[in-house]
Amino acid sequence: MIIKIAEYKMKDGVLNVVTKAIAKFVREIKKHEPETLYEAFRRSNSLEFVHLMKFPDRISEKKHASAPYTREFVRTLYPHCEREPVFTDLRSVEKMWLTLQRLL
């Protein structure tokens with residue numbers, strides 16, 4: 001299981017364009033990648049966004065990254081970013097703890 005977040009900030013005046021693009025992108029993911037969990041969030045009263053994605057495996061993640069709807073979203077989003085997306089891999093604290101316990 002691969003879990004990631006993407007965080008970015010939009011420029012002033014582009015909120016409508018960006019939220020439309022996000023909505024379309026999420027619909028395409030749900031249509032073409034039923035095994036992928038993908039949620040997009042906006043920080044309250046902010047132009048900052050956080051996307052949470054959960055892929056079953058690396059193959060699914062690569063398929064997502066190369067999909068035409070992902071490329072279209074990137075082409076739409078990036079020119080409107082004040083701060084471009086930063087991607088962070090997340091790890092389960094519980095799984096890390098269990099692994100650590102086994103090693104001790």
# chains A, B, ... in the order shown; residues from 1 in each chain; ligands from 1
call {"tool": "select_by_dssp", "arguments": {"residues": "chain A", "states": "strand (DSSP E)", "output": "ChimeraX atom specification"}}
result
/A:2-10,37-42,48-55,81-90
call {"tool": "write_last_selection", "arguments": {"atoms": "C-alpha atoms", "output": "PDB file, in the first residue's frame"}}
result
ATOM      1  CA  ILE A   2       1.390   3.425  -0.990  1.00  0.00           C
ATOM      2  CA  ILE A   3      -0.008   6.476   0.794  1.00  0.00           C
ATOM      3  CA  LYS A   4       0.995  10.006  -0.187  1.00  0.00           C
ATOM      4  CA  ILE A   5      -0.057  13.585   0.286  1.00  0.00           C
ATOM      5  CA  ALA A   6       0.470  16.480  -2.086  1.00  0.00           C
ATOM      6  CA  GLU A   7       0.431  20.030  -0.717  1.00  0.00           C
ATOM      7  CA  TYR A   8       0.383  23.232  -2.749  1.00  0.00           C
ATOM      8  CA  LYS A   9      -0.813  26.825  -2.750  1.00  0.00           C
ATOM      9  CA  MET A  10      -2.718  28.626  -5.489  1.00  0.00           C
ATOM     10  CA  LEU A  37      -8.461   6.245  -2.792  1.00  0.00           C
ATOM     11  CA  TYR A  38      -8.097   9.906  -3.733  1.00  0.00           C
ATOM     12  CA  GLU A  39      -9.383  12.857  -1.725  1.00  0.00           C
ATOM     13  CA  ALA A  40      -8.708  16.556  -2.239  1.00  0.00           C
ATOM     14  CA  PHE A  41      -9.022  19.111   0.555  1.00  0.00           C
ATOM     15  CA  ARG A  42      -8.737  22.872   0.850  1.00  0.00           C
ATOM     16  CA  GLU A  48      -3.679  25.922   0.204  1.00  0.00           C
ATOM     17  CA  PHE A  49      -4.717  22.435  -0.836  1.00  0.00           C
ATOM     18  CA  VAL A  50      -3.880  18.930   0.356  1.00  0.00           C
ATOM     19  CA  HIS A  51      -4.527  15.808  -1.699  1.00  0.00           C
ATOM     20  CA  LEU A  52      -4.494  12.394  -0.034  1.00  0.00           C
ATOM     21  CA  MET A  53      -3.896   9.375  -2.231  1.00  0.00           C
ATOM     22  CA  LYS A  54      -3.710   5.691  -1.446  1.00  0.00           C
ATOM     23  CA  PHE A  55      -2.556   3.243  -4.109  1.00  0.00           C
ATOM     24  CA  CYS A  81       0.383  27.614  -8.357  1.00  0.00           C
ATOM     25  CA  GLU A  82       2.068  30.094  -6.077  1.00  0.00           C
ATOM     26  CA  ARG A  83       3.790  27.079  -4.515  1.00  0.00           C
ATOM     27  CA  GLU A  84       3.901  23.911  -6.649  1.00  0.00           C
ATOM     28  CA  PRO A  85       2.877  20.558  -5.176  1.00  0.00           C
ATOM     29  CA  VAL A  86       5.220  18.859  -2.757  1.00  0.00           C
ATOM     30  CA  PHE A  87       4.635  15.112  -2.458  1.00  0.00           C
ATOM     31  CA  THR A  88       5.264  13.260   0.791  1.00  0.00           C
ATOM     32  CA  ASP A  89       5.128   9.507   1.357  1.00  0.00           C
ATOM     33  CA  LEU A  90       3.302   8.537   4.547  1.00  0.00           C
TER      34      LEU A  90
END
call {"tool": "select_by_dssp", "arguments": {"residues": "stretch 5-99 of chain A", "states": "helix (DSSP H, G or I)", "output": "JSON, numbers by chain"}}
result
{"A": [15, 16, 17, 18, 19, 20, 21, 22, 23, 24, 25, 26, 27, 28, 29, 30, 31, 32, 58, 59, 60, 61, 62, 63, 64, 65, 66, 68, 69, 70, 71, 72, 73, 74, 75, 76, 77, 78, 79, 80, 93, 94, 95, 96, 97, 98, 99]}
call {"tool": "residues_around", "arguments": {"residues": "stretch 28-34 of chain A", "least_positions_apart": "2", "cutoff": "12 Å", "atoms": "only C-alpha atoms", "output": "PyMOL selection string"}}
result
chain A and resi 21-26+36-40+53-56+59-65+67-73
call {"tool": "atom_distance", "arguments": {"atom1": "atom CA of A:Ser46", "atom2": "atom CA of A:Asn16"}}
result
13.3 Å
call {"tool": "closest_residue", "arguments": {"among": "A:His80, A:Arg91, A:Arg58, A:Arg43", "to": "A:Gly13", "atoms": "only C-alpha atoms"}}
result
A:His80
